[in-house]
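Asker: One structure coming up, written as structure tokens, with questions to follow.
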Amino acid sequence: MNRVFSSVFVLVAFLVYERNFSQVGVNTTTPLSMLDVNGNVSFKTFILVGSASPTPISDGFYLSLNPQNTDEEFVLPSPIAFPGRMYIFRNISDTKTAKLTTPAGLLFGKGRTTGGTTSIYMYDDNNRTITVISDGLNWTYIY
């Protein structure tokens, strides 16, 4: 009985250690972070074409938004459902405005603690490319 208990204790200790201290290295034998990549990283990219109804965003990392009409709406997923999620958006239209909205929470400009909104417009060289990051309650955007 004591031997079985010892074996189980060692197994549990090993599993707890592996779960708490596991690190994955790509092209490195000594990862220094949870994910340590020594080399280039590629992310999924999409072109989303606007339509008369709001276009939901559900996948990808770098998304080219192609509105067909002015102020076409592209809807982020809920920041509450996807804490830590990040997207990079680029309005690829030279003449049409893309409207980025959120169904939950607010959109806060980088460094702002007040003045959140539920939509931002992407239209000219000043804000044609926007990065958004979920904090679990809201989205923060950076031009």
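Ordering of the structure tokens sets the chain letters (A, B, ...); residue numbers start at 1 within each chain; ligands are numbered from 1 in the order shown.
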Neighbours of segment 74-84 of chain A within 10 Å (only C-alpha atoms; same-chain residues fewer than 3 positions away dropped), as JSON, numbers by chain?
Answerer: {"A": [48, 49, 50, 51, 53, 54, 55, 56, 57, 58, 59, 65, 66, 67, 71, 87, 98, 99, 100, 101, 102, 103, 104, 105, 106, 107, 119, 132, 133, 134, 135, 136, 137, 138, 139, 140]}
Asker: Determine, counting only C-alpha atoms, which protein, DNA and RNA residues have an atom within 9 Å of an atom of Gly109 of chain A; residues of the same chain fewer than 2 positions away are not included. Present the result as a PyMOL selection string.
Answerer: chain A and resi 107+111-113+115-116+139-143
Asker: List as a list in words the protein and nucleic acid residues near Asp36 of chain A, meaning an atom at most 7 Å away when only C-alpha atoms are counted, but skip any in the same chain fewer than 5 places from it.
Answerer: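 Contacts, in chain order: Val24, Gly25, Val26 and Pro31 of chain A.
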Asker: Keeping only all heavy atoms, write those residues as a compact mmCIF listing (two decimals), in the first residue's frame.
Answerer:
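The result, written out as result-v9.txt:
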# COMPACT_ATOMS: atom_id res chain seq x y z
N VAL A 24 7.23 25.61 -24.43
CA VAL A 24 7.38 25.05 -25.76
C VAL A 24 8.36 25.91 -26.53
O VAL A 24 8.22 27.13 -26.58
CB VAL A 24 6.02 25.01 -26.50
CG1 VAL A 24 6.20 24.52 -27.93
CG2 VAL A 24 5.03 24.13 -25.75
N GLY A 25 9.34 25.27 -27.12
CA GLY A 25 10.30 25.97 -27.94
C GLY A 25 10.22 25.52 -29.38
O GLY A 25 10.14 24.33 -29.65
N VAL A 26 10.21 26.48 -30.30
CA VAL A 26 10.24 26.18 -31.72
C VAL A 26 11.61 26.65 -32.22
O VAL A 26 11.93 27.83 -32.13
CB VAL A 26 9.11 26.90 -32.47
CG1 VAL A 26 9.20 26.63 -33.96
CG2 VAL A 26 7.75 26.48 -31.92
N PRO A 31 13.62 26.91 -24.24
CA PRO A 31 12.63 27.99 -24.27
C PRO A 31 12.64 28.78 -22.97
O PRO A 31 12.76 28.22 -21.89
CB PRO A 31 11.30 27.25 -24.47
CG PRO A 31 11.56 25.86 -24.05
CD PRO A 31 13.01 25.59 -24.27
Asker: Could you give me, as JSON, numbers by chain, each residue of chain A that DSSP assigns to helix (DSSP H, G or I) when run on this structure's backbone?
Answerer: {"A": [2, 3, 4, 5, 6, 7, 8, 9, 10, 11, 12, 13, 14, 15, 16, 17, 18, 19, 20, 21]}
Asker: For Tyr62 of chain A, find every residue with an atom within 10 Å (counting only C-alpha atoms), except residues of its own chain fewer than 5 positions away, and show them as a list of chain:residue names.
Answerer: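 Residues meeting the cut-off are A:Phe43, A:Lys44, A:Thr45, A:Phe46, A:Ile47, A:Met86, A:Tyr87, A:Ile88, A:Phe89, A:Arg90, A:Thr131.
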Asker: Hey, what does DSSP flag as strand (DSSP E) within segment 47-101 of chain A? Can you give it to me as an mmCIF file with C-alpha atoms, in the first residue's frame?
Answerer:
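That gives us out-v6.cif:
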data_model
loop_
_atom_site.group_PDB
_atom_site.id
_atom_site.type_symbol
_atom_site.label_atom_id
_atom_site.label_comp_id
_atom_site.auth_asym_id
_atom_site.auth_seq_id
_atom_site.Cartn_x
_atom_site.Cartn_y
_atom_site.Cartn_z
ATOM 1 C CA ILE A 47 -9.883 39.626 -46.769
ATOM 2 C CA LEU A 48 -13.368 40.432 -45.495
ATOM 3 C CA VAL A 49 -15.654 41.959 -48.118
ATOM 4 C CA THR A 55 -19.960 41.433 -41.287
ATOM 5 C CA PRO A 56 -18.948 39.368 -38.218
ATOM 6 C CA TYR A 62 -4.399 40.219 -39.939
ATOM 7 C CA LEU A 63 -7.618 41.158 -41.695
ATOM 8 C CA SER A 64 -7.937 43.318 -44.779
ATOM 9 C CA LEU A 65 -11.332 45.023 -44.703
ATOM 10 C CA ASN A 66 -12.823 45.785 -48.099
ATOM 11 C CA GLU A 72 -19.943 49.344 -43.830
ATOM 12 C CA GLU A 73 -19.893 47.637 -40.467
ATOM 13 C CA PHE A 74 -17.429 44.936 -39.397
ATOM 14 C CA VAL A 75 -18.264 43.431 -35.978
ATOM 15 C CA MET A 86 -5.623 40.500 -30.854
ATOM 16 C CA TYR A 87 -6.399 41.576 -34.419
ATOM 17 C CA ILE A 88 -4.742 43.865 -36.934
ATOM 18 C CA PHE A 89 -7.156 45.499 -39.397
ATOM 19 C CA ARG A 90 -6.390 47.377 -42.586
ATOM 20 C CA ASN A 91 -9.017 49.172 -44.657
ATOM 21 C CA ALA A 98 -15.001 50.804 -42.730
ATOM 22 C CA LYS A 99 -16.821 50.945 -39.392
ATOM 23 C CA LEU A 100 -15.439 48.632 -36.683
ATOM 24 C CA THR A 101 -17.926 47.844 -33.876
#
Asker: Within 12 Å of Gln23 of chain A, counting only C-alpha atoms, which residues qualify if same-chain residues fewer than 5 places away don't, as a tab-separated table (two decimals) with all heavy atoms, in the first residue's frame?
Answerer:
chain	number	residue	atom	x	y	z
A	17	TYR	N	4.06	19.56	-11.89
A	17	TYR	CA	5.26	20.26	-12.35
A	17	TYR	C	5.18	20.53	-13.84
A	17	TYR	O	5.43	21.65	-14.28
A	17	TYR	CB	6.50	19.43	-12.03
A	17	TYR	CG	7.77	20.04	-12.59
A	17	TYR	CD1	8.42	21.05	-11.89
A	17	TYR	CD2	8.28	19.62	-13.81
A	17	TYR	CE1	9.57	21.63	-12.41
A	17	TYR	CE2	9.43	20.20	-14.33
A	17	TYR	CZ	10.07	21.19	-13.63
A	17	TYR	OH	11.19	21.76	-14.13
A	18	GLU	N	4.82	19.53	-14.62
A	18	GLU	CA	4.74	19.70	-16.07
A	18	GLU	C	3.69	20.72	-16.45
A	18	GLU	O	3.90	21.54	-17.34
A	18	GLU	CB	4.41	18.36	-16.75
A	18	GLU	CG	5.59	17.43	-16.87
A	18	GLU	CD	6.71	18.02	-17.72
A	18	GLU	OE1	6.45	18.46	-18.85
A	18	GLU	OE2	7.85	18.06	-17.23
A	28	THR	N	14.37	26.00	-30.80
A	28	THR	CA	15.23	26.25	-29.65
A	28	THR	C	15.07	25.09	-28.66
A	28	THR	O	13.99	24.55	-28.50
A	28	THR	CB	14.91	27.59	-28.96
A	28	THR	OG1	15.79	27.75	-27.84
A	28	THR	CG2	13.48	27.67	-28.48
A	29	THR	N	16.15	24.71	-28.03
A	29	THR	CA	16.10	23.62	-27.05
A	29	THR	C	15.94	24.15	-25.63
A	29	THR	O	15.73	23.37	-24.71
A	29	THR	CB	17.37	22.76	-27.12
A	29	THR	OG1	18.50	23.60	-26.93
A	29	THR	CG2	17.46	22.05	-28.47
A	30	THR	N	16.06	25.47	-25.45
A	30	THR	CA	15.92	26.05	-24.12
A	30	THR	C	14.93	27.22	-24.15
A	30	THR	O	15.31	28.39	-24.11
A	30	THR	CB	17.28	26.57	-23.61
A	30	THR	OG1	17.82	27.47	-24.58
A	30	THR	CG2	18.25	25.42	-23.37
A	31	PRO	N	13.62	26.91	-24.24
A	31	PRO	CA	12.63	27.99	-24.27
A	31	PRO	C	12.64	28.78	-22.97
A	31	PRO	O	12.76	28.22	-21.89
A	31	PRO	CB	11.30	27.25	-24.47
A	31	PRO	CG	11.56	25.86	-24.05
A	31	PRO	CD	13.01	25.59	-24.27
A	32	LEU	N	12.53	30.10	-23.10
A	32	LEU	CA	12.55	30.98	-21.94
A	32	LEU	C	11.17	31.54	-21.61
A	32	LEU	O	11.02	32.24	-20.62
A	32	LEU	CB	13.53	32.14	-22.19
A	32	LEU	CG	14.97	31.71	-22.49
A	32	LEU	CD1	15.81	32.92	-22.84
A	32	LEU	CD2	15.56	30.96	-21.31
A	33	SER	N	10.18	31.22	-22.42
A	33	SER	CA	8.80	31.65	-22.20
A	33	SER	C	7.87	30.47	-22.45
A	33	SER	O	8.31	29.42	-22.91
A	33	SER	CB	8.44	32.79	-23.15
A	33	SER	OG	9.25	33.91	-22.92
A	34	MET	N	6.59	30.66	-22.16
A	34	MET	CA	5.61	29.61	-22.40
A	34	MET	C	5.69	29.15	-23.86
A	34	MET	O	5.67	27.96	-24.15
A	34	MET	CB	4.20	30.11	-22.09
A	34	MET	CG	3.13	29.06	-22.25
A	34	MET	SD	3.13	27.79	-20.99
A	34	MET	CE	2.57	28.69	-19.58
A	35	LEU	N	5.82	30.12	-24.79
A	35	LEU	CA	6.06	29.82	-26.20
A	35	LEU	C	7.25	30.66	-26.62
A	35	LEU	O	7.21	31.88	-26.56
A	35	LEU	CB	4.84	30.16	-27.06
A	35	LEU	CG	5.03	29.98	-28.57
A	35	LEU	CD1	5.37	28.54	-28.92
A	35	LEU	CD2	3.80	30.44	-29.32
A	36	ASP	N	8.32	30.02	-27.04
A	36	ASP	CA	9.55	30.70	-27.44
A	36	ASP	C	9.86	30.29	-28.87
A	36	ASP	O	10.16	29.13	-29.13
A	36	ASP	CB	10.68	30.29	-26.50
A	36	ASP	CG	11.91	31.15	-26.65
A	36	ASP	OD1	12.08	31.79	-27.69
A	36	ASP	OD2	12.72	31.16	-25.71
A	37	VAL	N	9.75	31.24	-29.79
A	37	VAL	CA	9.96	30.96	-31.21
A	37	VAL	C	11.25	31.61	-31.66
A	37	VAL	O	11.41	32.82	-31.56
A	37	VAL	CB	8.78	31.48	-32.06
A	37	VAL	CG1	9.02	31.21	-33.54
A	37	VAL	CG2	7.47	30.86	-31.60
Asker: What does the distance between atom CA of Gln68 of chain A and atom CA of Lys96 of chain A come to in Å, to one decimal place?
Answerer: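 Between atom CA of Gln68 of chain A and atom CA of Lys96 of chain A the gap is 6.8 Å.
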